[in-house]
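As stored in run_7.txt (compact mmCIF, C-alpha atoms and all ligand atoms):
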# COMPACT_ATOMS: atom_id res chain seq x y z
CA MET A 9 106.46 149.97 96.84
CA SER A 10 102.79 149.26 97.53
CA GLU A 11 101.25 145.79 97.17
CA PRO A 12 100.43 144.66 93.62
CA LEU A 13 96.74 144.63 92.63
CA PHE A 14 97.15 141.51 90.48
CA VAL A 15 100.10 139.22 89.84
CA PHE A 16 99.90 137.05 86.71
CA HIS A 17 102.18 133.99 86.65
CA GLY A 18 103.15 131.73 83.79
CA ILE A 19 100.70 132.89 81.14
CA GLU A 20 100.83 130.53 78.18
CA LYS A 21 98.96 130.97 74.92
CA THR A 22 99.12 129.10 71.64
CA PHE A 23 97.33 129.83 68.36
CA ALA A 24 97.39 127.09 65.70
CA GLU A 25 100.29 125.36 67.46
CA VAL A 26 102.34 128.55 67.49
CA GLU A 27 103.37 129.59 71.00
CA ILE A 28 102.46 133.27 71.32
CA LEU A 29 103.10 133.64 75.06
CA ARG A 30 105.57 131.44 76.95
CA LYS A 31 105.30 131.59 80.73
CA VAL A 32 104.79 135.36 80.90
CA ASP A 33 104.79 136.93 84.39
CA LEU A 34 103.34 140.38 84.97
CA SER A 35 102.54 142.34 88.14
CA LEU A 36 100.16 145.29 88.14
CA PHE A 37 100.71 147.98 90.78
CA PRO A 38 98.36 150.83 91.71
CA GLY A 39 99.37 154.21 90.30
CA LYS A 40 101.97 152.66 88.00
CA CYS A 41 102.19 152.54 84.23
CA ILE A 42 103.65 149.71 82.18
CA LEU A 43 104.60 150.30 78.55
CA LEU A 44 104.49 147.22 76.34
CA THR A 45 106.33 147.26 73.03
CA GLY A 46 107.00 144.54 70.47
CA LYS A 47 106.79 143.79 66.78
CA ASN A 48 103.48 143.36 64.92
CA GLY A 49 102.13 139.97 65.83
CA SER A 50 104.34 139.55 68.90
CA GLY A 51 101.29 139.02 71.13
CA LYS A 52 100.71 142.35 72.88
CA THR A 53 96.96 142.45 72.23
CA THR A 54 96.64 138.78 73.13
CA LEU A 55 98.37 139.42 76.47
CA LEU A 56 96.10 142.38 77.27
CA LYS A 57 92.99 140.38 76.40
CA ILE A 58 94.03 137.53 78.66
CA ILE A 59 94.68 139.96 81.51
CA ALA A 60 91.23 141.50 80.96
CA GLY A 61 89.56 138.08 81.01
CA LEU A 62 88.52 138.32 77.34
CA GLU A 63 90.78 135.62 75.92
CA LYS A 64 91.39 132.23 77.50
CA PRO A 65 95.02 131.25 78.13
CA GLU A 66 96.22 127.63 78.09
CA LYS A 67 97.74 128.27 81.48
CA ALA A 68 97.91 131.11 83.99
CA GLU A 69 97.90 131.57 87.74
CA ILE A 70 96.73 134.82 89.24
CA GLU A 71 97.63 136.09 92.67
CA LEU A 72 94.94 138.17 94.31
CA SER A 73 95.41 139.55 97.84
CA GLY A 74 98.27 137.11 98.33
CA LYS A 75 96.28 134.03 97.23
CA SER A 76 97.05 132.17 94.03
CA ARG A 77 94.10 131.09 91.87
CA CYS A 78 93.50 129.87 88.35
CA TRP A 79 92.41 132.20 85.56
CA LYS A 80 88.92 130.71 85.35
CA LYS A 81 88.22 131.33 89.05
CA VAL A 82 89.27 134.97 89.00
CA MET A 83 87.80 135.78 85.59
CA PRO A 84 84.62 137.39 87.00
CA ILE A 85 86.77 139.56 89.29
CA ILE A 86 89.22 140.63 86.61
CA ARG A 87 86.40 141.38 84.18
CA LYS A 88 84.98 143.77 86.77
CA GLU A 89 88.21 145.44 87.86
CA ILE A 90 90.17 145.49 84.62
CA ILE A 91 89.01 147.34 81.50
CA TYR A 92 90.51 146.77 78.06
CA LEU A 93 90.30 149.59 75.51
CA HIS A 94 90.62 148.60 71.89
CA GLN A 95 92.79 150.64 69.55
CA GLN A 96 89.76 151.78 67.55
CA ALA A 97 87.37 153.46 69.92
CA PHE A 98 84.10 151.51 69.70
CA LEU A 99 81.45 154.12 70.38
CA PHE A 100 77.72 153.48 70.37
CA SER A 101 75.45 155.55 68.21
CA GLY A 102 74.12 158.40 70.32
CA THR A 103 75.51 161.41 72.09
CA VAL A 104 78.83 161.81 73.85
CA GLU A 105 77.10 161.83 77.23
CA SER A 106 75.10 158.68 76.53
CA ASN A 107 78.34 156.94 75.57
CA VAL A 108 80.16 158.11 78.70
CA ALA A 109 77.26 157.21 81.00
CA TYR A 110 76.70 153.80 79.41
CA GLY A 111 78.47 151.59 81.97
CA LEU A 112 76.85 153.32 84.93
CA ARG A 113 73.53 151.61 84.23
CA PHE A 114 75.11 148.36 85.44
CA THR A 115 76.16 149.87 88.78
CA SER A 116 74.10 150.35 91.93
CA LEU A 117 74.30 154.15 91.72
CA THR A 118 71.08 156.14 92.01
CA ARG A 119 69.90 158.36 89.17
CA GLU A 120 71.18 161.42 90.98
CA GLN A 121 74.58 159.84 91.66
CA ARG A 122 74.85 158.80 88.02
CA ARG A 123 74.11 162.33 86.87
CA GLU A 124 76.75 163.72 89.23
CA SER A 125 79.28 161.15 88.14
CA LEU A 126 78.63 161.90 84.45
CA LYS A 127 79.07 165.63 85.05
CA LYS A 128 82.40 165.07 86.80
CA ALA A 129 83.64 162.72 84.09
CA LEU A 130 82.81 165.15 81.27
CA GLU A 131 84.57 167.94 83.16
CA TRP A 132 87.54 165.67 83.81
CA SER A 133 88.13 165.08 80.13
CA GLY A 134 87.04 168.49 78.84
CA LEU A 135 84.02 167.06 77.01
CA THR A 136 81.29 169.10 78.70
CA GLU A 137 80.78 171.35 75.68
CA LEU A 138 80.43 168.32 73.40
CA ALA A 139 78.07 166.37 75.69
CA LYS A 140 75.04 166.61 73.38
CA GLN A 141 76.93 166.00 70.16
CA GLN A 142 76.56 162.73 68.25
CA ALA A 143 79.68 160.72 69.08
CA ASN A 144 80.12 159.38 65.54
CA THR A 145 80.45 162.92 64.16
CA LEU A 146 83.61 163.58 66.18
CA SER A 147 87.21 163.26 65.00
CA GLY A 148 89.10 160.07 65.80
CA GLY A 149 91.16 161.73 68.53
CA VAL A 150 88.08 163.08 70.33
CA GLN A 151 86.30 159.74 69.95
CA GLN A 152 89.25 158.12 71.68
CA ARG A 153 88.88 160.68 74.48
CA VAL A 154 85.19 159.72 74.81
CA ALA A 155 86.26 156.06 75.06
CA PHE A 156 88.81 156.92 77.80
CA THR A 157 86.14 158.78 79.72
CA ARG A 158 83.64 155.94 79.37
CA ALA A 159 86.22 153.65 80.97
CA TRP A 160 87.40 156.15 83.59
CA ILE A 161 83.88 156.80 84.91
CA LEU A 162 83.69 153.15 86.03
CA LYS A 163 86.81 153.60 88.18
CA PRO A 164 88.47 150.31 87.23
CA LYS A 165 91.56 149.29 89.17
CA VAL A 166 93.40 148.57 85.95
CA LEU A 167 93.05 150.12 82.51
CA LEU A 168 94.60 148.40 79.49
CA LEU A 169 95.10 150.75 76.55
CA ASP A 170 95.92 149.07 73.26
CA GLU A 171 97.78 151.57 71.06
CA PRO A 172 95.80 154.47 72.50
CA VAL A 173 97.43 157.32 70.60
CA SER A 174 98.31 155.74 67.27
CA ASN A 175 95.69 157.71 65.29
CA MET A 176 96.31 161.02 66.99
CA ASP A 177 98.08 164.22 66.03
CA GLN A 178 100.47 165.79 68.50
CA GLU A 179 97.88 167.94 70.24
CA SER A 180 95.39 165.11 70.79
CA ARG A 181 98.24 162.88 71.90
CA GLU A 182 99.40 165.35 74.50
CA GLN A 183 95.84 165.70 75.76
CA ALA A 184 95.48 161.93 75.96
CA CYS A 185 98.79 161.61 77.83
CA LEU A 186 97.58 164.21 80.32
CA LEU A 187 94.43 162.16 80.94
CA MET A 188 96.54 159.02 81.40
CA GLN A 189 98.77 160.89 83.85
CA GLN A 190 95.66 161.86 85.83
CA MET A 191 94.44 158.26 85.81
CA LYS A 192 97.79 157.21 87.22
CA SER A 193 97.71 159.91 89.89
CA SER A 194 94.30 158.71 90.99
CA GLY A 195 95.83 155.29 91.72
CA MET A 196 94.82 153.43 88.58
CA SER A 197 97.22 150.86 87.19
CA ILE A 198 97.76 151.37 83.45
CA VAL A 199 99.21 149.17 80.73
CA ILE A 200 99.82 150.77 77.34
CA THR A 201 100.96 149.13 74.13
CA SER A 202 102.73 151.22 71.51
CA HIS A 203 105.18 151.11 68.65
CA VAL A 204 106.47 154.57 69.62
CA PRO A 205 107.77 154.40 73.21
CA GLN A 206 108.97 158.03 73.13
CA TYR A 207 105.34 159.21 73.29
CA PHE A 208 105.18 157.87 76.84
CA ASP A 209 108.40 159.27 78.27
CA GLY A 210 107.55 160.57 81.70
CA LEU A 211 104.37 158.48 81.92
CA ALA A 212 105.67 154.90 81.86
CA ASP A 213 107.41 153.56 84.98
CA VAL A 214 108.69 150.45 83.27
CA GLN A 215 108.96 149.24 79.68
CA TYR A 216 108.79 145.62 78.54
CA ASP A 217 109.46 144.35 75.07
CA LEU A 218 107.48 141.27 74.04
CA SER A 219 109.71 139.08 71.93
CA ASN A 220 109.56 135.33 71.24
CA GLY A 221 106.68 135.05 73.68
CA GLN A 222 108.59 136.54 76.60
CA LEU A 223 108.80 139.91 78.30
CA LEU A 224 112.19 141.60 78.42
CA GLN A 225 112.71 144.67 80.54
N1 LIG A 301 91.92 134.63 67.51
C1 LIG A 301 93.07 134.31 66.92
N2 LIG A 301 93.17 133.16 66.21
C2 LIG A 301 94.35 132.80 65.64
N3 LIG A 301 95.47 133.52 65.72
C3 LIG A 301 95.43 134.67 66.40
C4 LIG A 301 94.24 135.12 67.04
N4 LIG A 301 94.50 136.30 67.66
C5 LIG A 301 95.80 136.56 67.42
N5 LIG A 301 96.36 135.60 66.66
C6 LIG A 301 97.77 135.55 66.23
O1 LIG A 301 98.57 135.70 67.37
C7 LIG A 301 99.70 136.52 67.09
C8 LIG A 301 99.76 137.68 68.05
O2 LIG A 301 98.73 138.59 67.73
P1 LIG A 301 98.50 139.94 68.52
O3 LIG A 301 97.35 140.62 67.90
O4 LIG A 301 98.41 139.64 69.97
O5 LIG A 301 99.85 140.73 68.23
P2 LIG A 301 100.22 142.25 68.53
O6 LIG A 301 101.56 142.25 69.20
O7 LIG A 301 99.11 142.90 69.24
O8 LIG A 301 100.40 142.86 67.07
P3 LIG A 301 100.17 144.37 66.54
O9 LIG A 301 101.41 145.14 66.91
O10 LIG A 301 100.03 144.21 65.06
O11 LIG A 301 98.92 144.90 67.16
C9 LIG A 301 99.58 136.90 65.63
O12 LIG A 301 100.37 136.02 64.88
C10 LIG A 301 98.10 136.70 65.32
O13 LIG A 301 97.92 136.36 63.98
MG MG A 302 97.87 144.53 68.83

What is this structure when it is put down as structure tokens?
Ligand SMILES: Nc1ncnc2c1ncn2[C@@H]1O[C@H](COP(=O)(O)OP(=O)(O)OP(=O)(O)O)[C@@H](O)[C@H]1O
Ligand SMILES: [Mg+2]
Amino acid sequence: MSEPLFVFHGIEKTFAEVEILRKVDLSLFPGKCILLTGKNGSGKTTLLKIIAGLEKPEKAEIELSGKSRCWKKVMPIIRKEIIYLHQQAFLFSGTVESNVAYGLRFTSLTREQRRESLKKALEWSGLTELAKQQANTLSGGVQQRVAFTRAWILKPKVLLLDEPVSNMDQESREQACLLMQQMKSSGMSIVITSHVPQYFDGLADVQYDLSNGQLLQ
């Protein structure tokens, strides 16, 4: 197997004196998909947010290129390389293309490169026809697809998808799974949370259940 992109060791998190995560270890590999299941309130979202650098753990060591560092030190790196997608797609008011292109303004790409990148991304997700449509007029499933594309265009090393298909009908779900499969094939590392593991048969390489603050394979 190839080298892991990030190795998280001993993640600990407590809310109001309740231990949510107890020494959780997780390794993220390129081109691999982890499925995370667990009861409501078991800590799945909390774990993803810590991995994305959005929530502060009490403790955590992160191994990057073989070197172990504390969460605070690597936070700027993980915030750049790891994108967390919330269950409800947060789209900005404006068109589909302005939503998809949003993150590119913070990159060093030229105008021309940004335009090219946007075109490719819209083609990738089958949104070209909808490019000029107001994003908030789209169905929930299509909005989620816009959110995927907005993340994909930034080429993160890791994409964390929190219940990505829970509002979707079968057709949208299959489309979304196809996009996730393509993300995987392009070398992205993906972590998905879900209450319905069967949706990800064939996509997930490993499944962990979060229970009592620990991951069980
Ligand atoms: N900011 C916060 N302050 C206090 N408690 C919190 C906070 N965020 C989460 N919690 C608590 O931590 C626990 C884990 O929440 P989390 O959202 O991570 O669970 P989850 O596994 O994602 O649940 P679900 O399946 O419902 O999405 C819950 O008991 C929740 O109430
Ligand atoms: Mg959650």

Enumerate residues in contact with ligand LIG 301 (chain A): an atom-to-atom distance of at most 8 Å, counting all atoms listed in the file. Format the result as a ChimeraX atom specification. /A:22-24,28,45-55,170-171,202-203,218

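Closest approach to A:Val154 among A:Met176, A:Met191, A:Leu44, A:Leu135: A:Leu135, based on all atoms listed in the file.
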
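Distances here use only C-alpha atoms and all ligand atoms; by that measure, the residue among A:Leu56, A:Ile90, A:Val108, A:Ala139 closest to ligand MG 302 (chain A) is A:Leu56.
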
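Compared by their closest atoms to ligand MG 302 (chain A), and using only C-alpha atoms and all ligand atoms, the residues A:Ser106, A:His94, A:Gln225, A:Lys81 rank with A:His94 nearest.
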
For the atom pair atom CA of A:Leu34 and atom CA of A:Thr115, what is the interatomic distance in Å to one decimal place? 29.0 Å

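Going from atom CA of A:Glu69 over to atom CA of A:Gly39, you cover 22.8 Å.
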
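Atom pair atom CA of A:Gly111 / atom CA of A:Ala184 has a distance of 20.8 Å (rounded to one decimal).
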
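Across A:Ser101, A:Met196, A:Ile161, A:Gly149, the tightest approach to A:Arg122 is made by A:Ile161 when counting only C-alpha atoms.
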
Which residues, written as a PDB file with C-alpha atoms, keeping the file's coordinate frame, have at least one atom at most 12 Å from A:Gly61, with all atoms listed in the file counted and residues fewer than 2 positions away on the same chain left out?
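As a result, selection-v9.pdb now contains:
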ATOM      1  CA  PHE A  16      99.900 137.050  86.710  1.00  0.00           C
ATOM      2  CA  THR A  54      96.640 138.780  73.130  1.00  0.00           C
ATOM      3  CA  LEU A  55      98.370 139.420  76.470  1.00  0.00           C
ATOM      4  CA  LEU A  56      96.100 142.380  77.270  1.00  0.00           C
ATOM      5  CA  LYS A  57      92.990 140.380  76.400  1.00  0.00           C
ATOM      6  CA  ILE A  58      94.030 137.530  78.660  1.00  0.00           C
ATOM      7  CA  ILE A  59      94.680 139.960  81.510  1.00  0.00           C
ATOM      8  CA  GLU A  63      90.780 135.620  75.920  1.00  0.00           C
ATOM      9  CA  LYS A  64      91.390 132.230  77.500  1.00  0.00           C
ATOM     10  CA  PRO A  65      95.020 131.250  78.130  1.00  0.00           C
ATOM     11  CA  ALA A  68      97.910 131.110  83.990  1.00  0.00           C
ATOM     12  CA  ILE A  70      96.730 134.820  89.240  1.00  0.00           C
ATOM     13  CA  CYS A  78      93.500 129.870  88.350  1.00  0.00           C
ATOM     14  CA  TRP A  79      92.410 132.200  85.560  1.00  0.00           C
ATOM     15  CA  LYS A  80      88.920 130.710  85.350  1.00  0.00           C
ATOM     16  CA  LYS A  81      88.220 131.330  89.050  1.00  0.00           C
ATOM     17  CA  VAL A  82      89.270 134.970  89.000  1.00  0.00           C
ATOM     18  CA  MET A  83      87.800 135.780  85.590  1.00  0.00           C
ATOM     19  CA  PRO A  84      84.620 137.390  87.000  1.00  0.00           C
ATOM     20  CA  ILE A  85      86.770 139.560  89.290  1.00  0.00           C
ATOM     21  CA  ILE A  86      89.220 140.630  86.610  1.00  0.00           C
ATOM     22  CA  ARG A  87      86.400 141.380  84.180  1.00  0.00           C
ATOM     23  CA  LYS A  88      84.980 143.770  86.770  1.00  0.00           C
ATOM     24  CA  GLU A  89      88.210 145.440  87.860  1.00  0.00           C
ATOM     25  CA  ILE A  90      90.170 145.490  84.620  1.00  0.00           C
ATOM     26  CA  ILE A  91      89.010 147.340  81.500  1.00  0.00           C
ATOM     27  CA  TYR A  92      90.510 146.770  78.060  1.00  0.00           C
ATOM     28  CA  LEU A 168      94.600 148.400  79.490  1.00  0.00           C
TER      29      LEU A 168
END

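With distances taken over only C-alpha atoms and all ligand atoms, A:Ile200 is the one residue among A:Ile42, A:Ile200, A:Leu36, A:Leu117 lying closest to ligand MG 302 (chain A).
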
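With distances restricted to all atoms listed in the file, A:Thr201 is the closest residue to ligand MG 302 (chain A) from A:Thr201, A:Gln141, A:Ser193, A:Ser116.
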
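Residues lying within 6 Å of A:Ser197, counting all atoms listed in the file and ignoring same-chain neighbours fewer than 5 positions away, are Phe37, Pro38, Gly39, Lys40 and Val166 of chain A.
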
Around (103.3, 159.0, 73.6) in the file's own coordinates, what residues are found within 7 Å if you use all atoms listed in the file, given back as a count of residues only? 9

Missing atoms of stretch 24-49 of chain A rebuilt to N, CA and C atoms, written as a compact mmCIF listing (two decimals), in the frame of the given file:
# COMPACT_ATOMS: atom_id res chain seq x y z
N ALA A 24 97.02 127.99 66.80
CA ALA A 24 97.39 127.09 65.70
C ALA A 24 98.80 126.52 65.90
N GLU A 25 99.02 126.01 67.08
CA GLU A 25 100.29 125.36 67.46
C GLU A 25 101.49 126.30 67.48
N VAL A 26 101.24 127.60 67.34
CA VAL A 26 102.34 128.55 67.49
C VAL A 26 102.25 129.14 68.90
N GLU A 27 103.35 129.04 69.65
CA GLU A 27 103.37 129.59 71.00
C GLU A 27 103.48 131.11 70.92
N ILE A 28 102.45 131.80 71.36
CA ILE A 28 102.46 133.27 71.32
C ILE A 28 103.02 133.80 72.64
N LEU A 29 102.59 133.23 73.75
CA LEU A 29 103.10 133.64 75.06
C LEU A 29 103.68 132.43 75.78
N ARG A 30 104.91 132.56 76.26
CA ARG A 30 105.57 131.44 76.95
C ARG A 30 105.88 131.83 78.38
N LYS A 31 105.07 131.36 79.30
CA LYS A 31 105.30 131.59 80.73
C LYS A 31 105.57 133.08 81.03
N VAL A 32 104.63 133.91 80.65
CA VAL A 32 104.79 135.36 80.90
C VAL A 32 104.32 135.69 82.32
N ASP A 33 105.14 136.45 83.04
CA ASP A 33 104.79 136.93 84.39
C ASP A 33 104.59 138.44 84.31
N LEU A 34 103.58 138.93 84.98
CA LEU A 34 103.34 140.38 84.97
C LEU A 34 102.64 140.79 86.26
N SER A 35 103.17 141.82 86.92
CA SER A 35 102.54 142.34 88.14
C SER A 35 102.00 143.74 87.88
N LEU A 36 100.79 143.99 88.35
CA LEU A 36 100.16 145.29 88.14
C LEU A 36 100.06 146.03 89.47
N PHE A 37 100.68 147.19 89.54
CA PHE A 37 100.71 147.98 90.78
C PHE A 37 99.82 149.21 90.66
N PRO A 38 99.19 149.62 91.77
CA PRO A 38 98.36 150.83 91.71
C PRO A 38 99.21 152.06 91.43
N GLY A 39 98.68 152.95 90.59
CA GLY A 39 99.37 154.21 90.30
C GLY A 39 100.63 154.06 89.47
N LYS A 40 100.78 152.89 88.83
CA LYS A 40 101.97 152.66 88.00
C LYS A 40 101.56 152.40 86.56
N CYS A 41 102.47 152.72 85.65
CA CYS A 41 102.19 152.54 84.23
C CYS A 41 103.24 151.64 83.57
N ILE A 42 102.77 150.61 82.91
CA ILE A 42 103.65 149.71 82.18
C ILE A 42 103.51 150.01 80.69
N LEU A 43 104.63 150.13 80.00
CA LEU A 43 104.60 150.30 78.55
C LEU A 43 105.04 148.99 77.91
N LEU A 44 104.23 148.50 76.99
CA LEU A 44 104.49 147.22 76.34
C LEU A 44 104.78 147.47 74.86
N THR A 45 105.98 147.11 74.44
CA THR A 45 106.33 147.26 73.03
C THR A 45 106.57 145.87 72.43
N GLY A 46 106.76 145.83 71.13
CA GLY A 46 107.00 144.54 70.47
C GLY A 46 106.52 144.62 69.03
N LYS A 47 107.12 143.77 68.21
CA LYS A 47 106.79 143.79 66.78
C LYS A 47 105.32 143.47 66.52
N ASN A 48 104.83 143.78 65.33
CA ASN A 48 103.48 143.36 64.92
C ASN A 48 103.40 141.85 65.06
N GLY A 49 102.33 141.41 65.69
CA GLY A 49 102.13 139.97 65.83
C GLY A 49 102.89 139.33 66.98
